[in-house]
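A.B. asks: structure-v6.pdb (PDB, C-alpha atoms) pasted underneath:
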ATOM      1  CA  MET Y   1      16.437  -9.306   9.663
ATOM      2  CA  PRO Y   2      17.784 -12.195  11.759
ATOM      3  CA  LEU Y   3      18.489 -11.469  15.410
ATOM      4  CA  ALA Y   4      20.092 -14.775  16.442
ATOM      5  CA  GLY Y   5      23.074 -14.140  18.695
ATOM      6  CA  PHE Y   6      22.241 -10.447  19.089
ATOM      7  CA  PRO Y   7      23.104  -8.690  21.303
ATOM      8  CA  PRO Y   8      26.451 -10.519  21.604
ATOM      9  CA  ARG Y   9      27.193  -9.437  25.173
ATOM     10  CA  PRO Y  10      25.436  -7.857  28.177
ATOM     11  CA  LEU Y  11      24.261  -4.314  27.555
ATOM     12  CA  PRO Y  12      23.754  -1.348  29.884
ATOM     13  CA  VAL Y  13      20.172  -0.316  30.601
ATOM     14  CA  ALA Y  14      20.069   2.190  27.719
ATOM     15  CA  GLY Y  15      21.402  -0.454  25.354
ATOM     16  CA  VAL Y  16      18.807  -2.978  26.523
ATOM     17  CA  ARG Y  17      16.036  -0.468  25.849
ATOM     18  CA  ARG Y  18      17.417   0.215  22.375
ATOM     19  CA  TYR Y  19      17.691  -3.515  21.676
ATOM     20  CA  LEU Y  20      14.166  -4.190  22.864
ATOM     21  CA  GLY Y  21      12.932  -1.327  20.667
ATOM     22  CA  LEU Y  22      14.723  -2.870  17.693
ATOM     23  CA  VAL Y  23      13.128  -6.244  18.383
ATOM     24  CA  GLU Y  24       9.696  -4.608  18.581
ATOM     25  CA  GLU Y  25      10.199  -2.807  15.275
ATOM     26  CA  VAL Y  26      11.317  -6.028  13.591
ATOM     27  CA  LYS Y  27       8.229  -7.788  14.923
ATOM     28  CA  ARG Y  28       6.080  -5.166  13.183
ATOM     29  CA  MET Y  29       7.758  -5.468   9.816
ATOM     30  CA  PHE Y  30       5.709  -4.950   6.647
ATOM     31  CA  VAL Y  31       6.086  -7.011   3.505
ATOM     32  CA  VAL Y  32       4.724  -5.440   0.320
ATOM     33  CA  VAL Y  33       4.357  -7.623  -2.770
ATOM     34  CA  GLY Y  34       3.854  -6.109  -6.185
ATOM     35  CA  GLU Y  35       5.106  -4.202  -9.170
ATOM     36  CA  ALA Y  36       7.910  -1.661  -9.173
ATOM     37  CA  LEU Y  37       8.259   0.245 -12.417
ATOM     38  CA  VAL Y  38       9.161   3.582 -13.977
ATOM     39  CA  ASP Y  39       6.489   6.222 -14.555
ATOM     40  CA  LEU Y  40       7.194   8.295 -17.656
ATOM     41  CA  VAL Y  41       5.154  11.407 -16.860
ATOM     42  CA  GLY Y  42       4.217  14.208 -19.233
ATOM     43  CA  GLN Y  43       1.467  16.644 -20.149
ATOM     44  CA  ARG Y  44      -1.166  15.309 -22.524
ATOM     45  CA  GLY Y  45      -0.219  16.370 -26.033
ATOM     46  CA  GLY Y  46       3.323  17.270 -24.952
ATOM     47  CA  ARG Y  47       6.586  15.835 -26.271
ATOM     48  CA  THR Y  48       8.651  15.601 -23.072
ATOM     49  CA  LEU Y  49       8.425  12.845 -20.464
ATOM     50  CA  ALA Y  50      10.084  12.828 -17.043
ATOM     51  CA  ALA Y  51      11.087   9.477 -15.509
ATOM     52  CA  HIS Y  52       9.920   8.772 -11.951
ATOM     53  CA  PRO Y  53      10.191   5.474 -10.025
ATOM     54  CA  GLY Y  54       6.684   4.125  -9.410
ATOM     55  CA  GLY Y  55       4.298   1.193  -9.260
ATOM     56  CA  SER Y  56       1.476   1.177  -6.720
ATOM     57  CA  PRO Y  57       2.923  -1.426  -4.306
ATOM     58  CA  ALA Y  58       6.406   0.091  -4.614
ATOM     59  CA  ASN Y  59       4.947   3.502  -3.771
ATOM     60  CA  VAL Y  60       3.261   2.038  -0.686
ATOM     61  CA  ALA Y  61       6.551   0.475   0.427
ATOM     62  CA  LEU Y  62       8.349   3.780  -0.145
ATOM     63  CA  GLY Y  63       5.731   5.665   1.858
ATOM     64  CA  LEU Y  64       5.948   3.206   4.751
ATOM     65  CA  ALA Y  65       9.736   3.424   4.865
ATOM     66  CA  ARG Y  66       9.689   7.218   4.843
ATOM     67  CA  LEU Y  67       7.214   7.166   7.721
ATOM     68  CA  GLY Y  68       9.655   5.055   9.730
ATOM     69  CA  ALA Y  69       8.136   1.583   9.284
ATOM     70  CA  PRO Y  70      10.484  -1.349   8.498
ATOM     71  CA  VAL Y  71       9.420  -2.718   5.109
ATOM     72  CA  THR Y  72      10.494  -5.214   2.450
ATOM     73  CA  LEU Y  73       9.284  -4.996  -1.145
ATOM     74  CA  MET Y  74       9.067  -8.272  -3.073
ATOM     75  CA  THR Y  75       8.935  -7.338  -6.753
ATOM     76  CA  ARG Y  76      10.438  -7.880 -10.229
ATOM     77  CA  LEU Y  77      13.182  -5.555 -11.456
ATOM     78  CA  GLY Y  78      15.475  -5.822 -14.445
ATOM     79  CA  ARG Y  79      19.231  -5.412 -14.469
ATOM     80  CA  ASP Y  80      18.936  -2.275 -16.586
ATOM     81  CA  ALA Y  81      19.145   1.495 -16.139
ATOM     82  CA  PHE Y  82      15.495   1.816 -15.139
ATOM     83  CA  GLY Y  83      15.831  -1.051 -12.642
ATOM     84  CA  ALA Y  84      18.908   0.537 -11.071
ATOM     85  CA  MET Y  85      17.043   3.836 -10.750
ATOM     86  CA  VAL Y  86      14.049   2.227  -9.054
ATOM     87  CA  ARG Y  87      16.166   0.138  -6.690
ATOM     88  CA  SER Y  88      18.318   3.101  -5.655
ATOM     89  CA  HIS Y  89      15.233   5.274  -5.122
ATOM     90  CA  LEU Y  90      13.642   2.702  -2.811
ATOM     91  CA  GLU Y  91      16.768   1.674  -0.922
ATOM     92  CA  ASP Y  92      17.790   5.294  -0.311
ATOM     93  CA  SER Y  93      14.559   5.686   1.690
ATOM     94  CA  GLY Y  94      15.097   2.484   3.661
ATOM     95  CA  VAL Y  95      13.089  -0.083   1.686
ATOM     96  CA  ARG Y  96      14.631  -3.547   1.559
ATOM     97  CA  VAL Y  97      14.200  -4.627  -2.077
ATOM     98  CA  ASP Y  98      13.886  -8.243  -3.197
ATOM     99  CA  GLY Y  99      13.880  -7.781  -6.973
ATOM    100  CA  GLY Y 100      13.527 -11.445  -7.918
ATOM    101  CA  PRO Y 101      15.490 -13.104 -10.733
ATOM    102  CA  GLU Y 102      16.994 -10.425 -12.982
ATOM    103  CA  ASP Y 103      18.298 -12.411 -15.947
ATOM    104  CA  GLY Y 104      16.409 -11.572 -19.142
ATOM    105  CA  VAL Y 105      14.005  -9.213 -17.309
ATOM    106  CA  SER Y 106      13.266  -5.655 -18.424
ATOM    107  CA  THR Y 107      11.988  -3.176 -15.877
ATOM    108  CA  SER Y 108       8.332  -2.326 -16.533
ATOM    109  CA  LEU Y 109       7.094   1.093 -17.639
ATOM    110  CA  ALA Y 110       3.921   3.132 -17.110
ATOM    111  CA  ILE Y 111       3.291   6.190 -19.271
ATOM    112  CA  ALA Y 112       1.283   8.725 -17.260
ATOM    113  CA  MET Y 113      -0.205  11.633 -19.190
ATOM    114  CA  LEU Y 114      -1.504  14.563 -17.150
ATOM    115  CA  ALA Y 115      -4.423  16.861 -17.873
ATOM    116  CA  ALA Y 116      -5.364  19.409 -15.183
ATOM    117  CA  GLY Y 117      -3.230  17.417 -12.746
ATOM    118  CA  ILE Y 118      -5.129  14.150 -13.303
ATOM    119  CA  ALA Y 119      -3.165  11.168 -14.650
ATOM    120  CA  SER Y 120      -4.218   8.597 -17.232
ATOM    121  CA  TYR Y 121      -1.990   5.558 -17.775
ATOM    122  CA  ASP Y 122      -0.623   3.327 -20.513
ATOM    123  CA  PHE Y 123       1.403   0.318 -19.333
ATOM    124  CA  ARG Y 124       4.346  -1.720 -20.637
ATOM    125  CA  ILE Y 125       4.576  -4.293 -17.871
ATOM    126  CA  ASP Y 126       5.843  -7.838 -17.388
ATOM    127  CA  TRP Y 127       4.664  -9.435 -14.126
ATOM    128  CA  ASP Y 128       6.021 -12.878 -13.234
ATOM    129  CA  VAL Y 129       7.359 -13.226  -9.694
ATOM    130  CA  GLY Y 130       7.616 -17.015  -9.529
ATOM    131  CA  THR Y 131       6.714 -18.976  -6.404
ATOM    132  CA  LEU Y 132       6.401 -16.845  -3.265
ATOM    133  CA  GLU Y 133       7.636 -18.515  -0.088
ATOM    134  CA  PRO Y 134       5.881 -18.112   3.286
ATOM    135  CA  LEU Y 135       6.589 -14.719   4.791
ATOM    136  CA  PRO Y 136       9.430 -14.230   7.294
ATOM    137  CA  VAL Y 137       8.438 -14.961  10.870
ATOM    138  CA  GLU Y 138       8.930 -11.318  11.878
ATOM    139  CA  THR Y 139       6.308 -10.106   9.381
ATOM    140  CA  ARG Y 140       3.248  -8.506  10.922
ATOM    141  CA  CYS Y 141       1.499  -7.146   7.805
ATOM    142  CA  LEU Y 142       1.327  -8.191   4.153
ATOM    143  CA  HIS Y 143       0.164  -5.583   1.640
ATOM    144  CA  THR Y 144      -0.517  -6.088  -2.049
ATOM    145  CA  GLY Y 145      -2.914  -5.131  -4.822
ATOM    146  CA  SER Y 146      -3.093  -3.280  -8.123
ATOM    147  CA  LEU Y 147      -1.475  -5.007 -11.119
ATOM    148  CA  ALA Y 148       0.241  -7.604  -8.918
ATOM    149  CA  THR Y 149      -3.108  -9.265  -8.218
ATOM    150  CA  ALA Y 150      -4.509  -8.804 -11.733
ATOM    151  CA  LEU Y 151      -1.847  -9.549 -14.355
ATOM    152  CA  THR Y 152      -0.901 -13.048 -15.431
ATOM    153  CA  PRO Y 153       1.132 -15.064 -14.809
ATOM    154  CA  GLY Y 154       2.370 -13.481 -11.570
ATOM    155  CA  ASN Y 155      -1.061 -12.756 -10.092
ATOM    156  CA  ALA Y 156      -1.693 -16.475  -9.432
ATOM    157  CA  ASN Y 157       1.280 -16.647  -7.068
ATOM    158  CA  VAL Y 158       0.345 -13.403  -5.307
ATOM    159  CA  VAL Y 159      -3.234 -14.567  -4.780
ATOM    160  CA  ASP Y 160      -1.932 -17.904  -3.518
ATOM    161  CA  LEU Y 161       0.254 -16.067  -0.982
ATOM    162  CA  MET Y 162      -2.711 -14.009   0.224
ATOM    163  CA  GLU Y 163      -4.832 -17.130   0.628
ATOM    164  CA  ARG Y 164      -2.082 -18.998   2.486
ATOM    165  CA  GLU Y 165      -1.400 -16.115   4.856
ATOM    166  CA  HIS Y 166      -5.125 -15.658   5.476
ATOM    167  CA  GLU Y 167      -5.412 -19.352   6.306
ATOM    168  CA  ARG Y 168      -2.353 -19.246   8.573
ATOM    169  CA  GLY Y 169      -3.820 -16.252  10.386
ATOM    170  CA  ARG Y 170      -0.445 -14.880  11.453
ATOM    171  CA  VAL Y 171      -0.340 -11.470   9.748
ATOM    172  CA  THR Y 172      -2.647  -8.597   8.866
ATOM    173  CA  VAL Y 173      -3.455  -8.878   5.161
ATOM    174  CA  SER Y 174      -3.932  -5.504   3.440
ATOM    175  CA  TYR Y 175      -5.320  -5.066  -0.071
ATOM    176  CA  ASP Y 176      -5.887  -2.157  -2.467
ATOM    177  CA  PRO Y 177      -7.515  -3.179  -5.788
ATOM    178  CA  ASN Y 178      -6.308   0.066  -7.444
ATOM    179  CA  VAL Y 179      -7.990  -1.023 -10.668
ATOM    180  CA  ARG Y 180      -6.522  -0.276 -14.095
ATOM    181  CA  PRO Y 181      -9.415  -0.707 -16.558
ATOM    182  CA  THR Y 182      -7.144  -0.717 -19.608
ATOM    183  CA  LEU Y 183      -5.400  -3.832 -18.261
ATOM    184  CA  MET Y 184      -8.219  -5.556 -16.379
ATOM    185  CA  GLY Y 185     -10.711  -5.758 -19.246
ATOM    186  CA  ASP Y 186     -14.183  -6.894 -18.236
ATOM    187  CA  ALA Y 187     -15.488  -5.265 -15.049
ATOM    188  CA  ALA Y 188     -17.716  -8.223 -14.153
ATOM    189  CA  ARG Y 189     -14.799 -10.659 -14.217
ATOM    190  CA  ALA Y 190     -12.564  -8.247 -12.336
ATOM    191  CA  ARG Y 191     -15.298  -7.751  -9.739
ATOM    192  CA  GLU Y 192     -15.457 -11.480  -9.040
ATOM    193  CA  ASP Y 193     -11.691 -11.712  -8.565
ATOM    194  CA  ILE Y 194     -11.530  -8.589  -6.404
ATOM    195  CA  GLU Y 195     -14.374  -9.731  -4.151
ATOM    196  CA  HIS Y 196     -12.491 -12.977  -3.518
ATOM    197  CA  LEU Y 197      -9.389 -11.039  -2.446
ATOM    198  CA  VAL Y 198     -11.452  -8.723  -0.252
ATOM    199  CA  ALA Y 199     -12.752 -11.811   1.575
ATOM    200  CA  VAL Y 200      -9.215 -12.988   2.456
ATOM    201  CA  SER Y 201      -8.057  -9.530   3.596
ATOM    202  CA  ASP Y 202      -8.157  -7.734   6.945
ATOM    203  CA  VAL Y 203      -7.724  -4.145   5.708
ATOM    204  CA  VAL Y 204      -9.073  -2.970   2.349
ATOM    205  CA  LYS Y 205      -8.554   0.481   0.882
ATOM    206  CA  VAL Y 206     -10.338   1.371  -2.367
ATOM    207  CA  SER Y 207     -11.057   4.594  -4.274
ATOM    208  CA  ASP Y 208     -14.519   5.738  -5.271
ATOM    209  CA  GLU Y 209     -13.350   5.637  -8.902
ATOM    210  CA  ASP Y 210     -12.519   1.942  -8.501
ATOM    211  CA  VAL Y 211     -15.930   1.284  -6.949
ATOM    212  CA  ARG Y 212     -17.666   3.148  -9.764
ATOM    213  CA  TRP Y 213     -15.888   1.103 -12.440
ATOM    214  CA  LEU Y 214     -16.691  -2.139 -10.646
ATOM    215  CA  TYR Y 215     -20.292  -1.462  -9.588
ATOM    216  CA  GLY Y 216     -21.609   1.443 -11.620
ATOM    217  CA  ASP Y 217     -23.910   3.805  -9.710
ATOM    218  CA  ARG Y 218     -24.239   1.767  -6.507
ATOM    219  CA  PRO Y 219     -23.326   3.955  -3.490
ATOM    220  CA  ASP Y 220     -19.789   3.312  -2.318
ATOM    221  CA  GLU Y 221     -21.013   3.118   1.294
ATOM    222  CA  ASP Y 222     -23.130   0.114   0.329
ATOM    223  CA  ILE Y 223     -20.180  -1.564  -1.375
ATOM    224  CA  ALA Y 224     -17.926  -0.938   1.625
ATOM    225  CA  ASP Y 225     -20.556  -2.365   3.969
ATOM    226  CA  ASP Y 226     -20.940  -5.460   1.769
ATOM    227  CA  TRP Y 227     -17.181  -5.929   1.612
ATOM    228  CA  LEU Y 228     -16.893  -5.614   5.390
ATOM    229  CA  ALA Y 229     -19.495  -8.359   5.799
ATOM    230  CA  ALA Y 230     -17.362 -10.614   3.557
ATOM    231  CA  GLY Y 231     -14.496 -10.746   6.040
ATOM    232  CA  PRO Y 232     -12.246  -7.687   6.499
ATOM    233  CA  ALA Y 233     -11.920  -5.874   9.809
ATOM    234  CA  LEU Y 234     -11.714  -2.447   8.144
ATOM    235  CA  VAL Y 235     -12.732  -1.046   4.734
ATOM    236  CA  VAL Y 236     -11.784   2.493   3.689
ATOM    237  CA  VAL Y 237     -13.063   4.318   0.595
ATOM    238  CA  THR Y 238     -11.180   7.411  -0.580
ATOM    239  CA  ARG Y 239     -13.362   9.915  -2.452
ATOM    240  CA  GLY Y 240     -11.048  12.671  -3.623
ATOM    241  CA  GLY Y 241     -12.724  16.010  -2.995
ATOM    242  CA  ALA Y 242     -15.587  14.287  -1.154
ATOM    243  CA  GLY Y 243     -13.345  12.982   1.636
ATOM    244  CA  VAL Y 244     -13.192   9.469   3.092
ATOM    245  CA  TYR Y 245     -15.654   6.805   4.201
ATOM    246  CA  ALA Y 246     -14.389   4.139   6.608
ATOM    247  CA  VAL Y 247     -16.296   1.260   8.146
ATOM    248  CA  SER Y 248     -15.393  -1.332  10.761
ATOM    249  CA  ARG Y 249     -17.428  -3.682  12.904
ATOM    250  CA  SER Y 250     -18.134  -0.864  15.381
ATOM    251  CA  VAL Y 251     -17.699   2.428  13.470
ATOM    252  CA  LYS Y 252     -19.067   4.071  10.329
ATOM    253  CA  LEU Y 253     -17.050   7.190   9.643
ATOM    254  CA  HIS Y 254     -17.386  10.042   7.132
ATOM    255  CA  ARG Y 255     -14.506  12.518   6.995
ATOM    256  CA  PRO Y 256     -14.353  15.652   4.845
ATOM    257  CA  ALA Y 257     -11.588  16.279   2.334
ATOM    258  CA  LEU Y 258      -8.614  18.340   3.460
ATOM    259  CA  PRO Y 259      -7.538  21.404   1.447
ATOM    260  CA  ILE Y 260      -4.520  20.716  -0.786
ATOM    261  CA  ASP Y 261      -2.312  22.554  -3.264
ATOM    262  CA  LEU Y 262      -2.764  20.227  -6.246
ATOM    263  CA  VAL Y 263       0.172  19.639  -8.588
ATOM    264  CA  ASP Y 264      -0.755  16.101  -9.640
ATOM    265  CA  THR Y 265      -2.408  13.000  -8.219
ATOM    266  CA  VAL Y 266       0.350  10.500  -9.104
ATOM    267  CA  GLY Y 267       0.908   8.271  -6.060
ATOM    268  CA  ALA Y 268      -1.714  10.000  -3.912
ATOM    269  CA  GLY Y 269      -3.770   6.863  -3.268
ATOM    270  CA  ASP Y 270      -0.643   4.866  -2.484
ATOM    271  CA  SER Y 271       0.488   7.544  -0.030
ATOM    272  CA  PHE Y 272      -2.906   7.321   1.653
ATOM    273  CA  THR Y 273      -2.484   3.540   1.925
ATOM    274  CA  SER Y 274       0.975   3.811   3.462
ATOM    275  CA  GLY Y 275      -0.327   6.427   5.885
ATOM    276  CA  LEU Y 276      -3.290   4.213   6.781
ATOM    277  CA  LEU Y 277      -1.102   1.170   7.450
ATOM    278  CA  ASP Y 278       1.502   3.152   9.382
ATOM    279  CA  GLY Y 279      -1.252   4.759  11.433
ATOM    280  CA  LEU Y 280      -2.606   1.317  12.329
ATOM    281  CA  ARG Y 281       0.932   0.209  13.227
ATOM    282  CA  ARG Y 282       1.430   3.220  15.475
ATOM    283  CA  ALA Y 283      -1.929   2.454  17.119
ATOM    284  CA  ASP Y 284      -0.743  -1.142  17.755
ATOM    285  CA  LEU Y 285      -3.377  -2.586  15.428
ATOM    286  CA  VAL Y 286      -1.286  -4.688  13.033
ATOM    287  CA  GLY Y 287      -0.491  -8.367  13.417
ATOM    288  CA  ALA Y 288      -2.898 -11.272  13.655
ATOM    289  CA  ALA Y 289      -3.062 -11.009  17.441
ATOM    290  CA  ARG Y 290      -4.513  -7.509  17.040
ATOM    291  CA  ARG Y 291      -7.220  -8.379  14.508
ATOM    292  CA  ASP Y 292     -10.065  -8.289  17.025
ATOM    293  CA  ALA Y 293      -8.749  -4.979  18.348
ATOM    294  CA  LEU Y 294      -8.621  -3.646  14.787
ATOM    295  CA  ALA Y 295     -12.218  -4.697  14.148
ATOM    296  CA  ALA Y 296     -13.205  -2.958  17.386
ATOM    297  CA  ILE Y 297     -11.262   0.247  16.606
ATOM    298  CA  ASP Y 298     -12.827   3.233  18.359
ATOM    299  CA  GLU Y 299     -13.977   6.307  16.478
ATOM    300  CA  ALA Y 300     -11.320   8.668  17.849
ATOM    301  CA  THR Y 301      -8.492   6.357  16.787
ATOM    302  CA  LEU Y 302      -9.990   5.803  13.345
ATOM    303  CA  VAL Y 303     -10.468   9.554  12.840
ATOM    304  CA  SER Y 304      -6.815  10.149  13.737
ATOM    305  CA  VAL Y 305      -5.545   7.380  11.439
ATOM    306  CA  VAL Y 306      -7.734   8.383   8.469
ATOM    307  CA  ASP Y 307      -7.103  12.116   8.775
ATOM    308  CA  THR Y 308      -3.346  11.617   9.021
ATOM    309  CA  ALA Y 309      -3.415   9.323   5.979
ATOM    310  CA  ALA Y 310      -5.354  12.002   4.078
ATOM    311  CA  ARG Y 311      -2.823  14.638   5.124
ATOM    312  CA  ILE Y 312       0.011  12.404   3.870
ATOM    313  CA  ALA Y 313      -1.771  11.969   0.529
ATOM    314  CA  GLY Y 314      -2.305  15.724   0.339
ATOM    315  CA  ILE Y 315       1.401  16.406   0.757
ATOM    316  CA  THR Y 316       2.120  13.984  -2.081
ATOM    317  CA  CYS Y 317      -0.405  15.782  -4.315
ATOM    318  CA  SER Y 318       1.395  19.083  -3.710
ATOM    319  CA  ARG Y 319       4.480  18.032  -5.720
ATOM    320  CA  PRO Y 320       5.150  16.162  -8.955
ATOM    321  CA  GLY Y 321       5.379  12.373  -9.132
ATOM    322  CA  ALA Y 322       4.992   9.760  -6.404
ATOM    323  CA  ASP Y 323       7.059  11.554  -3.753
ATOM    324  CA  PRO Y 324       5.543  10.722  -0.346
ATOM    325  CA  PRO Y 325       6.584  12.686   2.731
ATOM    326  CA  ARG Y 326       8.944  11.619   5.498
ATOM    327  CA  ARG Y 327       7.882  11.324   9.117
ATOM    328  CA  ALA Y 328       9.357  14.672  10.161
ATOM    329  CA  GLU Y 329       7.483  16.495   7.389
ATOM    330  CA  VAL Y 330       4.205  14.859   8.375
ATOM    331  CA  ASP Y 331       4.713  15.688  12.059
ATOM    332  CA  SER Y 332       5.564  19.290  11.180
ATOM    333  CA  THR Y 333       2.449  19.632   9.024
ATOM    334  CA  LEU Y 334       0.213  18.095  11.690
ATOM    335  CA  ALA Y 335       1.682  20.402  14.326
ATOM    336  CA  ALA Y 336       0.869  23.397  12.116
ATOM    337  CA  GLY Y 337      -2.834  22.570  12.292
ATOM    338  CA  PRO Y 338      -5.667  21.705   9.860
ATOM    339  CA  GLY Y 339      -5.130  24.638   7.520
ATOM    340  CA  ALA Y 340      -1.423  24.011   6.964
TER
END
Is it possible to express this structure as structure tokens?
C.D. replies:
Amino acid sequence: MPLAGFPPRPLPVAGVRRYLGLVEEVKRMFVVVGEALVDLVGQRGGRTLAAHPGGSPANVALGLARLGAPVTLMTRLGRDAFGAMVRSHLEDSGVRVDGGPEDGVSTSLAIAMLAAGIASYDFRIDWDVGTLEPLPVETRCLHTGSLATALTPGNANVVDLMEREHERGRVTVSYDPNVRPTLMGDAARAREDIEHLVAVSDVVKVSDEDVRWLYGDRPDEDIADDWLAAGPALVVVTRGGAGVYAVSRSVKLHRPALPIDLVDTVGAGDSFTSGLLDGLRRADLVGAARRDALAAIDEATLVSVVDTAARIAGITCSRPGADPPRRAEVDSTLAAGPGA
């Protein structure tokens, strides 16, 4: 969002404060790169599917916007009914959508079948984003992961962007592997690629299911510790009913799971990621200049960030589809206390 020539004339004190607040928010802008698609969700064995906008990176962008963070999603959307639905869904919550070239593109689909609230996926996805330019100067955090970093041909350009931004050292690079075994094939090959991306990231969030597929029975704490040693400032492992493990240069943190009213898990991990990143933003820990501060995060701050992210994910689990909460809903739930 360019600010050249703004404000156009002298402002009163209140206007100056508002303008300076706007500048600060712009400086903290997030850019999310990755797939936006339509989830066709139904019960396993059923004959009815409901259409929900989705895609892991798109869900993270949506969650950030609803939490009040300025965010742009760089993705690939078709000029079709599904594409219009996804775009409207994101823009209505405040996400700026860069859908890439639309000619000849069909919006991707993911078929999510539920059993006892747990989703399994089948994908119909086309991922080719073309060359990705350097991020806007106001960007303070780049997030990506999932299919965007795994599917050819687009993954090569996403990985290149991550490497370039890591080398430039100007933004916080955030990564969630969010593995899809049916699309990623061989775990050993996927592990090699994922470990490379971990090494060029500052914040890594991963689920215990992802770790299990990648490393078998190795404890996820050991994997997180190894990943931290490879380069990131913070690694967080979500464990479903077993809570969260987070590790930084100065803190090793185990947090219990929060009670939830489970409807389904669609978008829960993405909601946790958006809550994690927004919590770091609110703690003034995003942006390259804050990387050392992020690595030195104190336990109280990390507990607050992780627990709030878990609460955000829990709210998402309490309703169908990837429908993350807005800031006011989160604040109301937090004010109600741990049992709310």
A.B. asks: Please identify all polymer residues lying at most 9 Å from the point (-3.0, 2.1, 4.3) (file coordinates), using all atoms listed in the file, and present the result as a ChimeraX atom specification.
C.D. replies: /Y:60,143,174-176,203-205,236,269-280,306,309
A.B. asks: Keeping only C-alpha atoms, write the selected residues as an mmCIF file, in the frame of the given file.
C.D. replies:
data_model
loop_
_atom_site.group_PDB
_atom_site.id
_atom_site.type_symbol
_atom_site.label_atom_id
_atom_site.label_comp_id
_atom_site.auth_asym_id
_atom_site.auth_seq_id
_atom_site.Cartn_x
_atom_site.Cartn_y
_atom_site.Cartn_z
ATOM 1 C CA VAL Y 60 3.261 2.038 -0.686
ATOM 2 C CA HIS Y 143 0.164 -5.583 1.640
ATOM 3 C CA SER Y 174 -3.932 -5.504 3.440
ATOM 4 C CA TYR Y 175 -5.320 -5.066 -0.071
ATOM 5 C CA ASP Y 176 -5.887 -2.157 -2.467
ATOM 6 C CA VAL Y 203 -7.724 -4.145 5.708
ATOM 7 C CA VAL Y 204 -9.073 -2.970 2.349
ATOM 8 C CA LYS Y 205 -8.554 0.481 0.882
ATOM 9 C CA VAL Y 236 -11.784 2.493 3.689
ATOM 10 C CA GLY Y 269 -3.770 6.863 -3.268
ATOM 11 C CA ASP Y 270 -0.643 4.866 -2.484
ATOM 12 C CA SER Y 271 0.488 7.544 -0.030
ATOM 13 C CA PHE Y 272 -2.906 7.321 1.653
ATOM 14 C CA THR Y 273 -2.484 3.540 1.925
ATOM 15 C CA SER Y 274 0.975 3.811 3.462
ATOM 16 C CA GLY Y 275 -0.327 6.427 5.885
ATOM 17 C CA LEU Y 276 -3.290 4.213 6.781
ATOM 18 C CA LEU Y 277 -1.102 1.170 7.450
ATOM 19 C CA ASP Y 278 1.502 3.152 9.382
ATOM 20 C CA GLY Y 279 -1.252 4.759 11.433
ATOM 21 C CA LEU Y 280 -2.606 1.317 12.329
ATOM 22 C CA VAL Y 306 -7.734 8.383 8.469
ATOM 23 C CA ALA Y 309 -3.415 9.323 5.979
#
A.B. asks: Measure the distance from atom CA of Ala187 of chain Y to atom CA of Ala150 of chain Y in Å and round it to one decimal.
C.D. replies: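 Here the two named atoms are 12.0 Å from each other.
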A.B. asks: Return the single residue from Y:Asp128, Y:Asp208, Y:Asp193, Y:Asp39 that is closest to Gly83 of chain Y, with distances computed using only C-alpha atoms.
C.D. replies: Y:Asp39
A.B. asks: Between atom CA of Ala313 of chain Y and atom CA of Ala268 of chain Y, what distance in Å does the model show, to one decimal?
C.D. replies: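 Result for atom CA of Ala313 of chain Y versus atom CA of Ala268 of chain Y: 4.9 Å, one decimal.
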A.B. asks: Run the PyMOL selection byres ((chain Y and resi 54) around 6) on the file and write out the hits as a ChimeraX atom specification.
C.D. replies: /Y:36-39,53,55,59
A.B. asks: Evaluated on this file, the PyMOL selection byres ((chain Y and resi 194) around 10) picks out some residues - which ones are they, written as a PyMOL selection string?
C.D. replies: chain Y and resi 145+149-150+175-177+179+188-193+195-199+214
A.B. asks: Could you tell me how far atom CA of Ile312 of chain Y sits from atom CA of Thr139 of chain Y, in Å to one decimal place?
C.D. replies: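 Result for atom CA of Thr139 of chain Y versus atom CA of Ile312 of chain Y: 24.0 Å, one decimal.
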A.B. asks: Counting all atoms listed in the file, what is within 10 Å of Val303 of chain Y, bar same-chain residues fewer than 6 positions away, as a ChimeraX atom specification?
C.D. replies: /Y:246,253-255,309
A.B. asks: Just checking: using only C-alpha atoms, which residue out of Y:Leu147, Y:Ala295, Y:Leu142, Y:Ala115 ends up closest to Gly46 of chain Y?
C.D. replies: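 Residue with the minimum atom-to-atom distance to Gly46 of chain Y: Y:Ala115.
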A.B. asks: Could you tell me which residues the PyMOL selection byres ((chain Y and resi 61) around 7) returns for this structure, as a list in words?
C.D. replies: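 Evaluating the PyMOL selection byres ((chain Y and resi 61) around 7) on these coordinates yields Val32, Pro57, Ala58, Asn59, Val60, Leu62, Gly63, Leu64, Ala65, Val71, Leu73 and Val95 of chain Y.
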A.B. asks: Pick out the closest residue to Gly314 of chain Y from this set: Y:Trp127, Y:Arg290, Y:Ala230, Y:Leu262. Count all atoms listed in the file.
C.D. replies: Y:Leu262
A.B. asks: For Gly42 of chain Y, which residue among Y:Val137, Y:Gly321, Y:Met29, Y:Ser56 is the nearest when counting all atoms listed in the file?
C.D. replies: Y:Gly321
A.B. asks: Which residue is closest to Ser207 of chain Y? Choose from Y:Val237, Y:Leu183, Y:Ala322, Y:Ala224 and count all atoms listed in the file.
C.D. replies: Y:Val237
A.B. asks: So which residues touch Thr75 of chain Y within 8 Å, counting all atoms listed in the file, skipping near sequence neighbours fewer than 6 positions away, as an mmCIF file with C-alpha atoms, in the coordinates of the input?
C.D. replies:
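Final output, saved to part-v6.cif:
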data_model
loop_
_atom_site.group_PDB
_atom_site.id
_atom_site.type_symbol
_atom_site.label_atom_id
_atom_site.label_comp_id
_atom_site.auth_asym_id
_atom_site.auth_seq_id
_atom_site.Cartn_x
_atom_site.Cartn_y
_atom_site.Cartn_z
ATOM 1 C CA VAL Y 33 4.357 -7.623 -2.770
ATOM 2 C CA GLY Y 34 3.854 -6.109 -6.185
ATOM 3 C CA GLU Y 35 5.106 -4.202 -9.170
ATOM 4 C CA ALA Y 36 7.910 -1.661 -9.173
ATOM 5 C CA VAL Y 97 14.200 -4.627 -2.077
ATOM 6 C CA ASP Y 98 13.886 -8.243 -3.197
ATOM 7 C CA GLY Y 99 13.880 -7.781 -6.973
ATOM 8 C CA GLY Y 100 13.527 -11.445 -7.918
ATOM 9 C CA VAL Y 129 7.359 -13.226 -9.694
#
